[in-house]
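Student: Pasting a structure below so you can have a look.
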Amino acid sequence: MAQWGFRFGSLHFRLRLGWGIAAAAFVALTISLGNWQTRRAEEKLDAARRVDDAMRSAVLSVPSRPAVLAEFEQRKVSVHGRFVSASTFFLDNRVLRGAVGYHVVTPMKIEGGDIYVLVNRGWIEAGNRGVLPVVPTQESLQTLDGLAVTPSKRFIELAAESESGPVRQNLVLEREQRRLGIRLQPFLIEEASDAKDGLQRAWARPDVGADRNRAYALQWYLFALIGGLLYVLLSARRAEPGGH
């Protein structure tokens, strides 16, 4: 195996090419993973800053025509329309304070047009898995407030979801538009209104987990440092008296 070396004081370092390549690859990989975790933390913090800015800005009214996502994303909004309770569906495996439940999503037909917007009305505990919870829904004309968000696309599906049934694992707007046979606005509203429907609306901030990402990044950087040091230290041999 090819090797080269150098002397530092009484130590003679013999650096083997094969092990050096493996060590360099390990260090590069762990640094890359650390950088990725750092970027994820910054993305979450940046999203939180945008939400904070939006909460201080004016409330936008959701139009009865197709909206431009960039104008509404992460903004406080108000919508005037009617819920379509028959099309309510449930996002499964949503956790709130350690309890597993559902997010309840109902389409709202916006008054004055033929376009709808999905409203995440809040969380309810799952209870008996064999029976979906009953959620009272006011179908009369109403106005509600909330935050316009785009559903996360960071998920992996092992199999395509069923085209029928009221329970979903993930929310994809294009898929719901096809399933429901309606035109949807390009965002979801997280409801903030004080509706008396038994649902809890404790929405997670976008920066949740940023500290965990930073801790993971530090861990990967430490692995890179340890890997490099171990390679150098294990390559060291004490030089023999009078040796070269």
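Just remember, in the structure tokens the first chain shown is A, the second B, etc., residues are 1-based per chain, and ligands are 1-based in the order shown.
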Near Val100 (chain A), within 7 Å and counting only C-alpha atoms, which residues show up once chain neighbours fewer than 5 positions away are dropped, as a compact mmCIF listing (two decimals) with all heavy atoms, in the first residue's frame?
Tutor:
# COMPACT_ATOMS: atom_id res chain seq x y z
N ASN A 93 -52.09 10.78 12.47
CA ASN A 93 -50.80 10.77 13.18
C ASN A 93 -50.27 12.17 13.45
O ASN A 93 -49.06 12.43 13.31
CB ASN A 93 -49.77 9.95 12.41
CG ASN A 93 -50.14 8.48 12.34
OD1 ASN A 93 -50.57 7.89 13.32
ND2 ASN A 93 -50.02 7.91 11.15
N ARG A 94 -51.14 13.08 13.85
CA ARG A 94 -50.72 14.41 14.28
C ARG A 94 -50.66 14.42 15.80
O ARG A 94 -51.62 14.01 16.47
CB ARG A 94 -51.69 15.48 13.79
CG ARG A 94 -51.40 16.09 12.42
CD ARG A 94 -50.90 15.12 11.40
NE ARG A 94 -50.62 15.75 10.11
CZ ARG A 94 -50.36 15.07 9.02
NH1 ARG A 94 -50.34 13.74 9.04
NH2 ARG A 94 -50.09 15.69 7.89
N VAL A 95 -49.53 14.83 16.33
CA VAL A 95 -49.28 14.74 17.77
C VAL A 95 -49.37 16.12 18.41
O VAL A 95 -48.81 17.10 17.90
CB VAL A 95 -47.90 14.13 18.05
CG1 VAL A 95 -47.62 14.07 19.55
CG2 VAL A 95 -47.80 12.74 17.44
N GLU A 125 -58.19 14.54 19.33
CA GLU A 125 -57.59 13.26 19.72
C GLU A 125 -58.24 12.11 18.96
O GLU A 125 -59.44 12.12 18.68
CB GLU A 125 -57.74 13.05 21.23
CG GLU A 125 -56.92 11.88 21.76
CD GLU A 125 -56.87 11.86 23.27
OE1 GLU A 125 -57.46 12.74 23.92
OE2 GLU A 125 -56.22 10.94 23.82
N ALA A 126 -57.43 11.11 18.64
CA ALA A 126 -57.92 9.99 17.83
C ALA A 126 -58.93 9.13 18.59
O ALA A 126 -59.95 8.73 18.03
CB ALA A 126 -56.75 9.15 17.35
Student: Taking only region 35-96 of chain A into account, list the residues labelled strand (DSSP E) by DSSP (computed from the backbone), as a ChimeraX atom specification.
Tutor: /A:60-61,76-83,89-96
Student: In Å, rounded to a single decimal, give me how far CA of Pro66 (chain A) is from CA of Glu176 (chain A).
Tutor: 16.0 Å
Student: Using only C-alpha atoms, can you tell me which of A:Arg129, A:Arg121, A:Arg168, A:Arg56 comes closest to Asp197 (chain A)?
Tutor: A:Arg121
Student: Measuring atom to atom with only C-alpha atoms, identify which of A:Tyr216, A:Ser78, A:Phe89, A:Tyr221 is nearest to Thr30 (chain A).
Tutor: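 Ranking A:Tyr216, A:Ser78, A:Phe89, A:Tyr221 by distance to Thr30 (chain A), first place goes to A:Tyr221.
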Student: By how many Å are CA of Leu229 (chain A) and CA of Ile21 (chain A) apart?
Tutor: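 Taking CA of Leu229 (chain A) as the start and CA of Ile21 (chain A) as the end point, the length is 14.2 Å.
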Student: Per residue of region 57-152 of chain A within 12 Å of region 44-49 of chain A, which atom pair is closest and at what distance in Å (one decimal), using only C-alpha atoms, listed by chain and increasing number, as a Markdown table?
Tutor:
| residue | atom | partner | partner_atom | distance |
| --- | --- | --- | --- | --- |
| A:Glu73 | CA | A:Ala47 | CA | 10.8 |
| A:Gln74 | CA | A:Ala47 | CA | 8.5 |
| A:Arg75 | CA | A:Ala47 | CA | 11.7 |
| A:Val149 | CA | A:Ala47 | CA | 10.9 |
| A:Thr150 | CA | A:Ala47 | CA | 11.9 |
Student: Would you mind telling me which residue in A:Pro166, A:Ala192, A:Ala210, A:Leu60 lies nearest to Val131 (chain A) when using only C-alpha atoms?
Tutor: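 Smallest separation from Val131 (chain A) among the options: A:Pro166.
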Student: Have a look at A:Ala217, A:Asn35, A:Val77, A:Gln169 and name the one nearest to Phe90 (chain A); count only C-alpha atoms.
Tutor: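 Of A:Ala217, A:Asn35, A:Val77, A:Gln169, the one nearest Phe90 (chain A) is A:Gln169, counting only C-alpha atoms.
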Student: My list of candidates is A:Ile189, A:Ala28, A:Val167, A:Ala99. Which is closest to Asp145 (chain A) when distances are computed with only C-alpha atoms?
Tutor: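 Under the stated criterion, the closest residue is A:Ile189.
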Student: Residues near Arg179 (chain A), anyone? I mean within 12 Å using only C-alpha atoms, not counting same-chain ones fewer than 2 positions away, as a PyMOL selection string.
Tutor: chain A and resi 87+89+161-166+168+171-177+181-184
Student: How many Å lie between CA of Leu230 (chain A) and CA of Asp211 (chain A), rounded to one decimal?
Tutor: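 Computing the Euclidean distance for CA of Leu230 (chain A) and CA of Asp211 (chain A) yields 28.4 Å.
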Student: I need the residues of region 28-196 of chain A that end up classed as alpha helix (DSSP H) by DSSP on the backbone, written out as number ranges by chain.
Tutor: A: 28-55, 69-72, 173-180
Student: Restricting the calculation to only C-alpha atoms, which member of A:Pro133, A:Arg178, A:Lys76, A:Thr88 is positioned closest to Ala58 (chain A)?
Tutor: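 Nearest to Ala58 (chain A): A:Lys76.
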